[in-house]
Amino acid sequence: MSSRNPSYTNPKPCKHLEDYKLRHGLSGYKSIQRHLKATPHGRTSVEMLNTGVPRCNSCNGFQGRLYLCLICNSVSCLDHTLLHTQSEDGHDLAVDIERAELYCCVCCDQVYDPDFDKVVMSKHNMGVPRDDKHGDESIGERLVKRRRLGLGVAEELVDLKKSKQLVSMRDRRDKSCYPLGLRGLNNLGSTCFMNSVLQALLHAPPFRNYFLSEGHNHEACRRRSGDRLCLSCDIDVVFSAVFSGDRAPYSPAHFLYSWWQHSANLASYEQQDAHEFFISVLDGIHEKEDKSRNRNRDSGDCQCIAHRVFSGLLRSDVTCMTCGSTSTTYDPCVDISVDLDTSNFSPTDTVNKRSKPNENSSISTLLGCLDLFTRQEKLGPEQKLFCETCQEMRDSVKQMSIRRLPLVLCLHIKRFEHSPVRKMWRKIDRYLQFPFSLDMTPYLSSSIVRNRFGNRIFSVEGDESDINTDFEIFAVVSHSGTLESGHYVTFLRLRNRWYKCDDAWITEVDEEIVRASQCYMMFYVQKMLYQKADEDLSSLPLSPRRDAYLPIASC
């Protein structure tokens, strides 16, 4: 593997972090290091000695995120961090107690500093965490206590007693028993959107196999690009680091910087949309490989790895309501965005934060969303289309279907909609029921066209009868919170077990937790590839280039 790109620099810190380091250097980091507590499961948190459960100094609250000021060691909840820095000049930086991550109280955002990252990583390297008054408790018992202090609604849906037994049993398993490639990704400052999608990409079987089998030639790529940043090369760096066998959380700062160069309009520490990031990454890979690999750009059959894995083909039929003639067009896609089927609940449900899956009247299903996607839709008066047969503008109906399925099917749930009453965007906090095994046969063009004509057509152009339509889910990207302030996590299904990837934290969870999550993106892979991936995962070797990819904190 080639050496790191000389043009790479760490993401630029915010002004308040720069001011803090000029005035105090690394003294605050070093003083807090002795309060860091690392577990064998890759988590790091700040331990408050002799205080029991940490509480906000302003409101005495203990639920939600709490932050420790790096100057005076006062504790504030999220609502009072800004108040603290306004009342205490220069007290701008704090540490998230639960996650041991830097937080700027002025910017109201997480910030990344490689020096702080080194302090945290060195705690991991110390090995066994120091003894404390909880030393007699199992890790599982402490995890259950943390959950009692108020994690999300999803956990509340699982019987607490059953959850305690499952967590205790799983947490006793050494993390080395986890499948190879399960490695946490450090949050670099509101980058949970990136981490969640990267976890799904890292475990998409055909995509993973391509990079782990040296499918991307770094030397040839470097010669062609003249040492310019390459998103494919940087994704390969992440693959090598994650599959190196190292379990300590990894910081994908190099990849973030490279992605910023590709998507300059999104280059900031602000939270971004995970779906937009997914599309942007695939576009970056396509643009790079398209220039070097494809010879016939007009053929529409791109051979870049992004399209070989994720690309499908949608069919759109527009039928004139006057003469019945149909115009058919085909469009490539790397994902399918579907609307939530909200026909059976009132608009007030969209803002209900406590929607429960056992309320049958308020359940949407993924199959219902796909039915809605492929249902005939009458176009409005302002959408009249020109009919070639009638030779004038006519009312028409439109119907979508899937002409070709990809190897990996990404389904994007539209959870954000515009309210015509409030004239603003809002999130739909609605439970969606989805299957782990999915048969896509009813949504293929051949099935849709036959149903449209009452099954009287027995031969459809390009019949898809010989393709694989059975899919298995392997990743779910979930979004919790509001449109303005939320958090992404990924649930991975490996060897038929589920793992929650919450930035740097990896934990095994019950499938009921996954089913109860607010799914935003779902990744399905063809069933035969899923079964083969489970076999391959058991025999995957460590990355042969392990020594070339150390966590960014060591650079």
# chains A, B, ... in the order shown; residues from 1 in each chain; ligands from 1
$ residues_around --residues "range 386-389 of chain A" --least-positions-apart "5" --cutoff "8 Å" --atoms "only C-alpha atoms" --output "count of residues only"
4
$ residues_around --residues "Gly189 in chain A" --least-positions-apart "5" --cutoff "9 Å" --atoms "only C-alpha atoms" --output "PDB file with N, CA and C atoms, in the first residue's frame"
ATOM      1  N   GLU A 101     -15.999  12.256  24.467  1.00  0.00           N
ATOM      2  CA  GLU A 101     -15.782  12.970  23.215  1.00  0.00           C
ATOM      3  C   GLU A 101     -15.790  14.469  23.490  1.00  0.00           C
ATOM      4  N   LEU A 102     -14.949  15.210  22.769  1.00  0.00           N
ATOM      5  CA  LEU A 102     -14.860  16.656  22.944  1.00  0.00           C
ATOM      6  C   LEU A 102     -16.120  17.350  22.440  1.00  0.00           C
ATOM      7  N   TYR A 103     -16.533  18.385  23.156  1.00  0.00           N
ATOM      8  CA  TYR A 103     -17.747  19.124  22.787  1.00  0.00           C
ATOM      9  C   TYR A 103     -17.490  20.608  22.982  1.00  0.00           C
ATOM     10  N   ASP A 109     -21.629  21.717  19.351  1.00  0.00           N
ATOM     11  CA  ASP A 109     -21.313  20.638  18.421  1.00  0.00           C
ATOM     12  C   ASP A 109     -20.098  19.875  18.933  1.00  0.00           C
ATOM     13  N   GLN A 110     -19.995  18.612  18.521  1.00  0.00           N
ATOM     14  CA  GLN A 110     -18.798  17.837  18.816  1.00  0.00           C
ATOM     15  C   GLN A 110     -17.657  18.330  17.949  1.00  0.00           C
ATOM     16  N   VAL A 111     -16.455  18.285  18.478  1.00  0.00           N
ATOM     17  CA  VAL A 111     -15.270  18.698  17.727  1.00  0.00           C
ATOM     18  C   VAL A 111     -14.230  17.594  17.816  1.00  0.00           C
ATOM     19  N   TYR A 112     -13.384  17.537  16.818  1.00  0.00           N
ATOM     20  CA  TYR A 112     -12.350  16.497  16.770  1.00  0.00           C
ATOM     21  C   TYR A 112     -10.977  17.109  16.939  1.00  0.00           C
ATOM     22  N   TYR A 269     -18.636  20.648   9.967  1.00  0.00           N
ATOM     23  CA  TYR A 269     -18.866  19.779  11.120  1.00  0.00           C
ATOM     24  C   TYR A 269     -20.350  19.679  11.460  1.00  0.00           C
ATOM     25  N   GLU A 270     -21.208  20.224  10.611  1.00  0.00           N
ATOM     26  CA  GLU A 270     -22.634  20.125  10.860  1.00  0.00           C
ATOM     27  C   GLU A 270     -23.132  18.728  10.519  1.00  0.00           C
ATOM     28  N   GLN A 271     -24.219  18.344  11.188  1.00  0.00           N
ATOM     29  CA  GLN A 271     -24.830  17.048  10.898  1.00  0.00           C
ATOM     30  C   GLN A 271     -25.353  17.028   9.468  1.00  0.00           C
TER      31      GLN A 271
END
$ closest_residue --among "A:Thr441, A:Cys14, A:Cys59, A:Ala306" --to "Ala204 in chain A" --atoms "only C-alpha atoms"
A:Ala306
$ atom_distance --atom1 "CA of Tyr257 in chain A" --atom2 "CA of Glu98 in chain A"
26.5 Å
$ residues_around --residues "range 529-534 of chain A" --least-positions-apart "5" --cutoff "8 Å" --atoms "only C-alpha atoms" --output "ChimeraX atom specification"
/A:205-206,472,474,494-495
$ atom_distance --atom1 "CA of Ser196 in chain A" --atom2 "CA of Glu511 in chain A"
18.0 Å
$ closest_residue --among "A:Trp260, A:Phe277, A:Phe211, A:Phe491" --to "Glu508 in chain A" --atoms "only C-alpha atoms"
A:Phe491
$ atom_distance --atom1 "CA of Lys37 in chain A" --atom2 "CA of Gly90 in chain A"
26.7 Å
